[in-house]
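Shown here: protein33.pdb, PDB, C-alpha atoms.
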```pdb
ATOM      1  CA  MET A  69      20.405  13.389 -44.785
ATOM      2  CA  ARG A  70      17.298  11.587 -43.618
ATOM      3  CA  ARG A  71      13.949  12.004 -45.243
ATOM      4  CA  ARG A  72      11.681  14.617 -43.627
ATOM      5  CA  GLY A  73       9.180  13.259 -41.183
ATOM      6  CA  SER A  74      11.011  10.002 -40.762
ATOM      7  CA  THR A  75      12.198   8.603 -37.483
ATOM      8  CA  LEU A  76      15.664   7.493 -36.595
ATOM      9  CA  ARG A  77      16.265   3.798 -36.741
ATOM     10  CA  GLY A  78      19.132   1.453 -37.222
ATOM     11  CA  SER A  79      21.704   3.743 -35.578
ATOM     12  CA  PRO A  80      24.594   2.599 -33.425
ATOM     13  CA  LYS A  81      23.656   1.329 -29.979
ATOM     14  CA  SER A  82      25.415   3.884 -27.873
ATOM     15  CA  THR A  83      25.080   7.081 -29.859
ATOM     16  CA  ILE A  84      22.890   8.317 -32.662
ATOM     17  CA  LEU A  85      23.850  11.036 -35.072
ATOM     18  CA  LEU A  86      20.894  13.299 -35.576
ATOM     19  CA  ALA A  87      21.400  14.773 -39.006
ATOM     20  CA  THR A  88      19.286  17.662 -40.167
ATOM     21  CA  ARG A  89      20.239  20.045 -42.909
ATOM     22  CA  GLY A  90      23.819  18.973 -42.850
ATOM     23  CA  ALA A  91      24.335  19.537 -39.112
ATOM     24  CA  LYS A  92      25.463  16.539 -37.124
ATOM     25  CA  LEU A  93      24.882  16.375 -33.411
ATOM     26  CA  ALA A  94      25.660  13.471 -31.152
ATOM     27  CA  TYR A  95      22.963  12.532 -28.653
ATOM     28  CA  PRO A  96      22.682   9.544 -26.324
ATOM     29  CA  ARG A  97      20.361   6.942 -27.767
ATOM     30  CA  ALA A  98      17.915   7.218 -24.852
ATOM     31  CA  PHE A  99      17.223  10.859 -25.658
ATOM     32  CA  VAL A 100      16.979  10.490 -29.379
ATOM     33  CA  ARG A 101      14.900   7.355 -29.698
ATOM     34  CA  ARG A 102      11.622   9.195 -29.627
ATOM     35  CA  VAL A 103      12.665  12.364 -31.446
ATOM     36  CA  ARG A 104      10.907  12.938 -34.697
ATOM     37  CA  ILE A 105      12.418  15.172 -37.323
ATOM     38  CA  CYS A 106       9.706  17.667 -38.171
ATOM     39  CA  ALA A 107       9.053  18.796 -41.671
ATOM     40  CA  PRO A 108       9.314  22.625 -41.832
ATOM     41  CA  ASP A 109       6.581  22.953 -44.483
ATOM     42  CA  THR A 110       4.038  21.242 -42.244
ATOM     43  CA  ASP A 111       5.291  22.826 -39.052
ATOM     44  CA  SER A 112       3.031  25.829 -38.669
ATOM     45  CA  PRO A 113       3.901  28.316 -35.893
ATOM     46  CA  LEU A 114       0.333  27.995 -34.648
ATOM     47  CA  HIS A 115       0.359  24.234 -34.643
ATOM     48  CA  PRO A 116       3.892  23.057 -34.111
ATOM     49  CA  ALA A 117       4.430  19.406 -34.621
ATOM     50  CA  PRO A 118       5.117  17.585 -31.367
ATOM     51  CA  VAL A 119       8.703  16.691 -30.762
ATOM     52  CA  PHE A 120       7.871  13.839 -28.421
ATOM     53  CA  ASP A 121       4.943  12.289 -30.176
ATOM     54  CA  ARG A 122       5.344   8.691 -29.174
ATOM     55  CA  PRO A 123       4.531   6.813 -26.000
ATOM     56  CA  MET A 124       7.371   6.179 -23.566
ATOM     57  CA  SER A 125       9.731   3.428 -24.527
ATOM     58  CA  PHE A 126      10.225   0.483 -22.220
ATOM     59  CA  HIS A 127      13.646   1.716 -21.128
ATOM     60  CA  THR A 128      12.306   5.173 -20.278
ATOM     61  CA  LYS A 129       9.500   3.636 -18.247
ATOM     62  CA  VAL A 130      11.972   1.495 -16.333
ATOM     63  CA  PHE A 131      14.226   4.489 -15.749
ATOM     64  CA  CYS A 132      11.322   6.639 -14.506
ATOM     65  CA  ALA A 133      10.056   3.839 -12.271
ATOM     66  CA  LEU A 134      13.501   3.357 -10.737
ATOM     67  CA  ALA A 135      13.951   7.103 -10.239
ATOM     68  CA  ALA A 136      10.542   7.389  -8.579
ATOM     69  CA  ALA A 137      11.255   4.394  -6.379
ATOM     70  CA  ALA A 138      14.586   5.873  -5.345
ATOM     71  CA  LEU A 139      12.919   9.166  -4.474
ATOM     72  CA  LEU A 140      10.005   7.647  -2.610
ATOM     73  CA  SER A 141      11.820   4.948  -0.715
ATOM     74  CA  SER A 142      13.941   5.912   2.251
ATOM     75  CA  CYS A 143      17.484   4.863   1.536
ATOM     76  CA  ALA A 144      19.518   4.525   4.705
ATOM     77  CA  GLN A 145      22.905   6.176   4.411
ATOM     78  CA  ASP A 146      25.930   6.375   6.667
ATOM     79  CA  VAL A 147      24.749   3.319   8.571
ATOM     80  CA  ALA A 148      27.167   2.778  11.445
ATOM     81  CA  ASN A 149      26.538   0.279  14.241
ATOM     82  CA  ARG A 150      28.501  -0.705  17.322
ATOM     83  CA  TYR A 151      28.043  -3.822  19.456
ATOM     84  CA  TYR A 152      29.180  -3.776  23.073
ATOM     85  CA  ALA A 153      27.870  -6.933  24.714
ATOM     86  CA  ALA A 154      30.302  -9.761  25.374
ATOM     87  CA  GLU A 155      27.747 -12.376  24.427
ATOM     88  CA  ARG A 156      25.386 -12.799  21.500
ATOM     89  CA  TYR A 157      21.630 -13.024  21.986
ATOM     90  CA  ALA A 158      19.068 -14.946  20.005
ATOM     91  CA  ALA A 159      17.216 -12.943  17.409
ATOM     92  CA  LYS A 160      13.637 -11.879  18.105
ATOM     93  CA  LYS A 161      10.672 -10.810  16.098
ATOM     94  CA  PRO A 162      10.520  -7.024  15.612
ATOM     95  CA  ASP A 163       7.193  -6.794  17.430
ATOM     96  CA  GLN A 164       8.859  -8.288  20.505
ATOM     97  CA  VAL A 165      11.215  -5.301  20.687
ATOM     98  CA  GLU A 166       9.917  -2.175  22.412
ATOM     99  CA  LEU A 167      10.290   1.008  20.422
ATOM    100  CA  LEU A 168      11.051   3.797  22.880
ATOM    101  CA  TYR A 169      11.830   7.468  22.536
ATOM    102  CA  ARG A 170      13.045   7.929  26.100
ATOM    103  CA  ALA A 171      14.735   5.794  28.707
ATOM    104  CA  PRO A 172      12.509   3.198  30.372
ATOM    105  CA  SER A 173      12.013   3.176  34.123
ATOM    106  CA  ARG A 174      13.467  -0.347  34.415
ATOM    107  CA  PRO A 175      17.256  -0.663  34.717
ATOM    108  CA  PHE A 176      18.945  -1.639  31.499
ATOM    109  CA  THR A 177      22.242  -2.006  29.777
ATOM    110  CA  VAL A 178      23.049  -0.753  26.299
ATOM    111  CA  ILE A 179      24.235  -3.619  24.084
ATOM    112  CA  ALA A 180      24.555  -1.736  20.793
ATOM    113  CA  ASP A 181      24.398   1.687  19.209
ATOM    114  CA  PHE A 182      22.969   2.341  15.771
ATOM    115  CA  GLN A 183      22.977   5.493  13.714
ATOM    116  CA  SER A 184      22.149   6.331  10.143
ATOM    117  CA  ARG A 185      20.652   8.907   7.833
ATOM    118  CA  GLY A 186      17.323   8.433   6.125
ATOM    119  CA  GLU A 187      16.270   5.429   8.140
ATOM    120  CA  SER A 188      12.991   4.934   9.969
ATOM    121  CA  ALA A 189      12.618   4.045  13.630
ATOM    122  CA  ASN A 190      10.923   0.794  12.648
ATOM    123  CA  SER A 191      13.904  -0.149  10.551
ATOM    124  CA  MET A 192      16.123   0.327  13.597
ATOM    125  CA  ARG A 193      13.696  -1.766  15.589
ATOM    126  CA  LYS A 194      14.169  -4.607  13.100
ATOM    127  CA  ARG A 195      17.925  -4.305  13.466
ATOM    128  CA  ALA A 196      17.587  -4.406  17.242
ATOM    129  CA  ALA A 197      15.466  -7.554  16.910
ATOM    130  CA  LYS A 198      18.218  -9.236  14.928
ATOM    131  CA  ILE A 199      20.641  -8.850  17.836
ATOM    132  CA  GLY A 200      18.063  -9.920  20.411
ATOM    133  CA  ALA A 201      17.545  -6.577  22.159
ATOM    134  CA  ASP A 202      14.618  -6.083  24.519
ATOM    135  CA  ALA A 203      14.036  -2.518  23.386
ATOM    136  CA  ILE A 204      15.528   0.268  21.343
ATOM    137  CA  ILE A 205      15.642   3.895  22.401
ATOM    138  CA  VAL A 206      15.493   6.052  19.295
ATOM    139  CA  THR A 207      16.743   9.647  19.361
ATOM    140  CA  PRO A 208      16.437  11.929  16.343
ATOM    141  CA  VAL A 209      19.434  14.268  16.258
ATOM    142  CA  GLY A 210      20.441  17.323  14.252
ATOM    143  CA  GLY A 211      18.162  18.839  11.644
ATOM    144  CA  LEU A 212      17.031  22.293  10.700
ATOM    145  CA  TYR A 213      16.994  25.276  13.040
ATOM    146  CA  ARG A 214      14.836  28.286  12.318
ATOM    147  CA  VAL A 215      16.965  31.402  12.465
ATOM    148  CA  GLY A 216      14.048  33.346  13.927
ATOM    149  CA  GLU A 217      14.266  31.427  17.218
ATOM    150  CA  GLU A 218      15.248  33.508  20.207
ATOM    151  CA  TRP A 219      15.168  31.059  23.108
ATOM    152  CA  ALA A 220      17.557  28.176  23.553
ATOM    153  CA  GLY A 221      14.778  25.994  24.855
ATOM    154  CA  SER A 222      12.522  26.362  21.825
ATOM    155  CA  ASP A 223      12.953  24.617  18.504
ATOM    156  CA  SER A 224      10.092  24.908  16.056
ATOM    157  CA  MET A 225      11.993  22.625  13.681
ATOM    158  CA  ALA A 226      12.390  19.873  16.261
ATOM    159  CA  HIS A 227      10.460  17.543  13.966
ATOM    160  CA  THR A 228      13.362  17.639  11.508
ATOM    161  CA  TYR A 229      16.504  15.619  12.026
ATOM    162  CA  SER A 230      19.641  14.797  10.106
ATOM    163  CA  ARG A 231      20.067  11.314  11.481
ATOM    164  CA  LEU A 232      18.563   8.776  13.851
ATOM    165  CA  VAL A 233      20.498   7.390  16.760
ATOM    166  CA  GLY A 234      19.325   4.181  18.387
ATOM    167  CA  SER A 235      20.497   2.476  21.563
ATOM    168  CA  ALA A 236      19.608  -1.212  21.698
ATOM    169  CA  ILE A 237      19.123  -2.266  25.305
ATOM    170  CA  LYS A 238      18.638  -5.353  27.441
ATOM    171  CA  TYR A 239      16.782  -5.088  30.722
ATOM    172  CA  THR A 240      18.906  -6.135  33.666
ATOM    173  CA  LYS A 241      15.940  -7.002  35.936
TER     174      LYS A 241
ATOM    175  CA  MET B  38      13.287  51.844  -7.999
ATOM    176  CA  LYS B  39      11.911  52.427  -4.521
ATOM    177  CA  THR B  40       9.498  49.546  -4.984
ATOM    178  CA  ILE B  41      12.336  47.223  -5.943
ATOM    179  CA  LEU B  42      14.364  48.297  -2.932
ATOM    180  CA  ARG B  43      11.389  47.853  -0.629
ATOM    181  CA  SER B  44      10.627  44.434  -2.082
ATOM    182  CA  SER B  45      14.249  43.362  -1.725
ATOM    183  CA  ALA B  46      14.381  44.529   1.873
ATOM    184  CA  LEU B  47      11.128  42.741   2.628
ATOM    185  CA  LEU B  48      12.347  39.525   1.011
ATOM    186  CA  LEU B  49      15.598  39.735   2.924
ATOM    187  CA  ALA B  50      13.712  40.271   6.178
ATOM    188  CA  ILE B  51      11.361  37.371   5.474
ATOM    189  CA  SER B  52      14.154  35.013   4.478
ATOM    190  CA  SER B  53      16.228  35.958   7.483
ATOM    191  CA  PHE B  54      13.257  35.384   9.779
ATOM    192  CA  PHE B  55      11.893  32.200   8.236
ATOM    193  CA  GLY B  56      15.189  30.837   6.942
ATOM    194  CA  CYS B  57      16.737  27.771   8.461
ATOM    195  CA  ALA B  58      20.230  26.838   9.465
ATOM    196  CA  ASN B  59      21.358  23.248   9.436
ATOM    197  CA  VAL B  60      22.816  21.309  12.339
ATOM    198  CA  ASP B  61      24.371  17.890  11.859
ATOM    199  CA  VAL B  62      25.030  15.729  14.895
ATOM    200  CA  THR B  63      27.013  12.497  14.684
ATOM    201  CA  LYS B  64      27.181  10.305  17.742
ATOM    202  CA  THR B  65      30.723   9.381  18.680
ATOM    203  CA  GLY B  66      30.119   8.304  22.266
ATOM    204  CA  LYS B  67      28.865   5.056  23.700
ATOM    205  CA  GLY B  68      25.649   4.202  25.468
ATOM    206  CA  TYR B  69      22.562   6.218  26.262
ATOM    207  CA  TYR B  70      22.123   9.361  28.331
ATOM    208  CA  PRO B  71      18.857  11.126  28.988
ATOM    209  CA  PRO B  72      18.303  14.461  27.247
ATOM    210  CA  THR B  73      19.394  17.630  28.976
ATOM    211  CA  ASN B  74      17.835  21.069  29.103
ATOM    212  CA  PRO B  75      19.115  23.099  26.119
ATOM    213  CA  ASN B  76      19.144  26.231  28.292
ATOM    214  CA  GLU B  77      21.770  24.580  30.490
ATOM    215  CA  VAL B  78      24.092  23.367  27.723
ATOM    216  CA  GLU B  79      27.366  25.284  27.905
ATOM    217  CA  ILE B  80      29.200  26.579  24.870
ATOM    218  CA  LEU B  81      32.916  26.331  25.545
ATOM    219  CA  MET B  82      35.878  27.591  23.601
ATOM    220  CA  THR B  83      38.383  25.807  25.800
ATOM    221  CA  VAL B  84      38.598  22.264  27.121
ATOM    222  CA  PRO B  85      37.074  22.046  30.600
ATOM    223  CA  THR B  86      39.101  20.826  33.552
ATOM    224  CA  ARG B  87      36.271  18.634  34.825
ATOM    225  CA  PRO B  88      36.311  15.045  33.580
ATOM    226  CA  TYR B  89      33.912  14.358  30.757
ATOM    227  CA  VAL B  90      33.031  11.928  28.001
ATOM    228  CA  GLU B  91      32.566  12.896  24.395
ATOM    229  CA  LEU B  92      29.105  12.226  23.014
ATOM    230  CA  ALA B  93      28.960  13.543  19.483
ATOM    231  CA  SER B  94      30.426  15.823  16.888
ATOM    232  CA  VAL B  95      28.286  18.828  16.027
ATOM    233  CA  THR B  96      28.510  20.799  12.793
ATOM    234  CA  THR B  97      26.273  23.710  11.932
ATOM    235  CA  THR B  98      26.036  25.844   8.796
ATOM    236  CA  GLY B  99      23.804  28.483   7.284
ATOM    237  CA  HIS B 100      23.746  31.092  10.044
ATOM    238  CA  ASN B 101      23.784  34.809   9.544
ATOM    239  CA  MET B 102      27.316  36.131   9.952
ATOM    240  CA  ARG B 103      26.097  38.483  12.694
ATOM    241  CA  ALA B 104      24.117  35.823  14.571
ATOM    242  CA  GLU B 105      26.790  34.010  16.533
ATOM    243  CA  ALA B 106      24.728  33.828  19.723
ATOM    244  CA  LYS B 107      21.797  32.406  17.797
ATOM    245  CA  MET B 108      24.133  29.808  16.314
ATOM    246  CA  HIS B 109      25.130  28.855  19.858
ATOM    247  CA  ASN B 110      21.471  28.323  20.701
ATOM    248  CA  ALA B 111      21.097  26.102  17.649
ATOM    249  CA  ILE B 112      24.025  24.005  18.855
ATOM    250  CA  ARG B 113      22.572  23.857  22.375
ATOM    251  CA  VAL B 114      19.138  22.701  21.292
ATOM    252  CA  LYS B 115      20.462  20.045  18.902
ATOM    253  CA  ALA B 116      23.074  18.673  21.313
ATOM    254  CA  ALA B 117      20.680  18.384  24.254
ATOM    255  CA  PRO B 118      18.770  15.277  22.997
ATOM    256  CA  LEU B 119      21.952  13.208  23.324
ATOM    257  CA  GLY B 120      22.417  14.321  26.926
ATOM    258  CA  ALA B 121      25.125  16.931  26.395
ATOM    259  CA  HIS B 122      26.177  19.193  29.230
ATOM    260  CA  ALA B 123      28.414  21.300  27.009
ATOM    261  CA  VAL B 124      29.716  21.695  23.489
ATOM    262  CA  ILE B 125      33.359  22.553  22.954
ATOM    263  CA  LEU B 126      33.665  24.593  19.768
ATOM    264  CA  LYS B 127      36.707  23.393  17.884
ATOM    265  CA  ASP B 128      36.459  25.646  14.858
ATOM    266  CA  GLN B 129      34.177  28.257  13.372
ATOM    267  CA  GLY B 130      34.198  30.771  10.596
ATOM    268  CA  ILE B 131      32.388  32.640   7.861
ATOM    269  CA  VAL B 132      32.311  31.448   4.277
ATOM    270  CA  GLY B 133      32.597  33.771   1.304
ATOM    271  CA  HIS B 134      28.984  34.874   1.013
ATOM    272  CA  GLY B 135      28.607  35.713   4.706
ATOM    273  CA  GLU B 136      27.391  32.422   6.111
ATOM    274  CA  ARG B 137      28.537  31.474   9.575
ATOM    275  CA  TRP B 138      29.493  27.893  10.438
ATOM    276  CA  ALA B 139      30.926  26.063  13.411
ATOM    277  CA  MET B 140      31.933  22.602  14.482
ATOM    278  CA  GLY B 141      32.414  21.219  17.941
ATOM    279  CA  VAL B 142      32.238  18.292  20.297
ATOM    280  CA  ALA B 143      29.276  17.621  22.550
ATOM    281  CA  ILE B 144      30.387  16.397  25.942
ATOM    282  CA  ARG B 145      28.887  15.122  29.165
ATOM    283  CA  TYR B 146      30.541  15.644  32.511
ATOM    284  CA  THR B 147      31.250  12.433  34.350
ATOM    285  CA  THR B 148      31.212  13.993  37.796
ATOM    286  CA  GLY B 149      28.537  16.012  39.496
ATOM    287  CA  GLN B 150      24.871  15.532  40.251
ATOM    288  CA  SER B 151      23.469  15.485  36.724
ATOM    289  CA  ALA B 152      26.191  13.190  35.432
ATOM    290  CA  ALA B 153      25.472  10.670  38.197
ATOM    291  CA  ALA B 154      21.789  10.614  37.280
ATOM    292  CA  GLY B 155      22.658   9.906  33.660
ATOM    293  CA  SER B 156      25.048   7.073  34.329
ATOM    294  CA  ALA B 157      22.490   5.350  36.546
ATOM    295  CA  GLN B 158      20.034   5.102  33.666
ATOM    296  CA  GLY B 159      22.202   4.318  30.730
ATOM    297  CA  SER B 160      25.056   1.960  31.356
ATOM    298  CA  ARG B 161      27.498   0.750  28.808
TER     299      ARG B 161
END
```
Will you turn the file into structure tokens for me?
Amino acid sequence: MRRRGSTLRGSPKSTILLATRGAKLAYPRAFVRRVRICAPDTDSPLHPAPVFDRPMSFHTKVFCALAAAALLSSCAQDVANRYYAAERYAAKKPDQVELLYRAPSRPFTVIADFQSRGESANSMRKRAAKIGADAIIVTPVGGLYRVGEEWAGSDSMAHTYSRLVGSAIKYTK
Amino acid sequence: MKTILRSSALLLAISSFFGCANVDVTKTGKGYYPPTNPNEVEILMTVPTRPYVELASVTTTGHNMRAEAKMHNAIRVKAAPLGAHAVILKDQGIVGHGERWAMGVAIRYTTGQSAAAGSAQGSR
């Protein structure tokens, strides 16, 4: 039994046994590190002692930062590309590749198809630059569909999509 | 009790009106085709006799079990951006809690006026 009001230290690395009043519970170290055992005689119902009364540990900060970064950053998933051209082209800078959302008026040939989830059009443009494409035609596909729609031609959720499809093209003239 | 029933009915009506189904489209075809008019996209239960190319697989979930026609419209509008002329429904059903789903193949006819216009713009 640990002394009241003390904090847990010197426990095994992976798991800490939190012992209070004879009860033993196993908690992962990350959860227990900042837990303070509160003394019942000082723990008034009106002013309960804080359970988490210490600043975040370094590991918790790193974990939170990584979780936030994972949520905020767009992680491309199900990335699947196909290359059709017989020859390879020199890579370009992304700003030299046109980003299009419809077919251009000039004749062209499709040299590669890209598709992925959670990727931006600019990211596809960079990929098109790597294979030396002149332009990429990006098409958002799938997404949500509002069940209140009544006309086939209307889609109020057209701004949503489940994946991006990109066709990397080379102009033939 | 009446208030609860009214509230439940209202919530159900709101959720059914503002709720969203989900359509997932995965490109399986090659090259680029200009978008088609969703109103003109056919929903087929059988394989057409006209020659065609497959463009994409289409899967949709989250529709009301009584809204099959609406589900067809969802498939039409989400298949049109890839240049589909029709979607052949391969399978469909209703899951336990009354949610309709379907999966199919978006296709583009390789003969005919509209198909010729598409192939002129997007070559392989």
Next on the checklist: Evaluated on this file, the ChimeraX specification (/B :<6) & /A picks out some residues - which ones are they, written as a ChimeraX atom specification?
Outcome noted: /A:177-178,209-216,220-221,230
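CA of Tyr146 in chain B to CA of Pro85 in chain B spans 9.3 Å [interatomic distance, one decimal].
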Checklist outcome for this item: From CA of Leu232 in chain A to CA of Ser188 in chain A the spacing works out at 7.8 Å
Expand the PyMOL selection byres ((chain A and resi 237) around 10) into the individual residues it matches in the shown file, reporting them as a short mmCIF file (atom, residue, chain, number, x, y, z; two decimals) with C-alpha atoms, in the frame of the given file.
```
data_model
loop_
_atom_site.label_atom_id
_atom_site.label_comp_id
_atom_site.auth_asym_id
_atom_site.auth_seq_id
_atom_site.Cartn_x
_atom_site.Cartn_y
_atom_site.Cartn_z
CA ALA A 153 27.87 -6.93 24.71
CA VAL A 165 11.22 -5.30 20.69
CA GLU A 166 9.92 -2.17 22.41
CA ALA A 171 14.74 5.79 28.71
CA PRO A 172 12.51 3.20 30.37
CA PRO A 175 17.26 -0.66 34.72
CA PHE A 176 18.94 -1.64 31.50
CA THR A 177 22.24 -2.01 29.78
CA VAL A 178 23.05 -0.75 26.30
CA ILE A 179 24.24 -3.62 24.08
CA ALA A 180 24.56 -1.74 20.79
CA ASP A 181 24.40 1.69 19.21
CA ALA A 196 17.59 -4.41 17.24
CA GLY A 200 18.06 -9.92 20.41
CA ALA A 201 17.55 -6.58 22.16
CA ASP A 202 14.62 -6.08 24.52
CA ALA A 203 14.04 -2.52 23.39
CA ILE A 204 15.53 0.27 21.34
CA ILE A 205 15.64 3.90 22.40
CA GLY A 234 19.32 4.18 18.39
CA SER A 235 20.50 2.48 21.56
CA ALA A 236 19.61 -1.21 21.70
CA LYS A 238 18.64 -5.35 27.44
CA TYR A 239 16.78 -5.09 30.72
CA THR A 240 18.91 -6.14 33.67
CA GLY B 68 25.65 4.20 25.47
CA TYR B 69 22.56 6.22 26.26
CA GLY B 159 22.20 4.32 30.73
CA SER B 160 25.06 1.96 31.36
CA ARG B 161 27.50 0.75 28.81
#
```
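Between CA of Asp163 in chain A and CA of Thr207 in chain A the separation is 19.1 Å.
With distances restricted to only C-alpha atoms, B:Leu126 is the closest residue to Ser94 in chain B from B:Thr147, B:Ile131, B:Leu126, B:Trp138.
Nearest residue to Glu91 in chain B among B:Ala139, B:Arg145, B:Ala123, B:Asp128 is B:Arg145, counting only C-alpha atoms.
Minimum atom-to-atom distances from A:Val206, A:Trp219, A:Arg193, A:His227 to Pro162 in chain A were compared using only C-alpha atoms, and the lowest value belongs to A:Arg193.
Applied to the shown file, the PyMOL selection byres ((chain B and resi 84) around 10) selects the residues Leu81, Met82, Thr83, Pro85, Thr86, Arg87, Pro88, Tyr89, Val124, Ile125, Leu126 and Lys127 of chain B.
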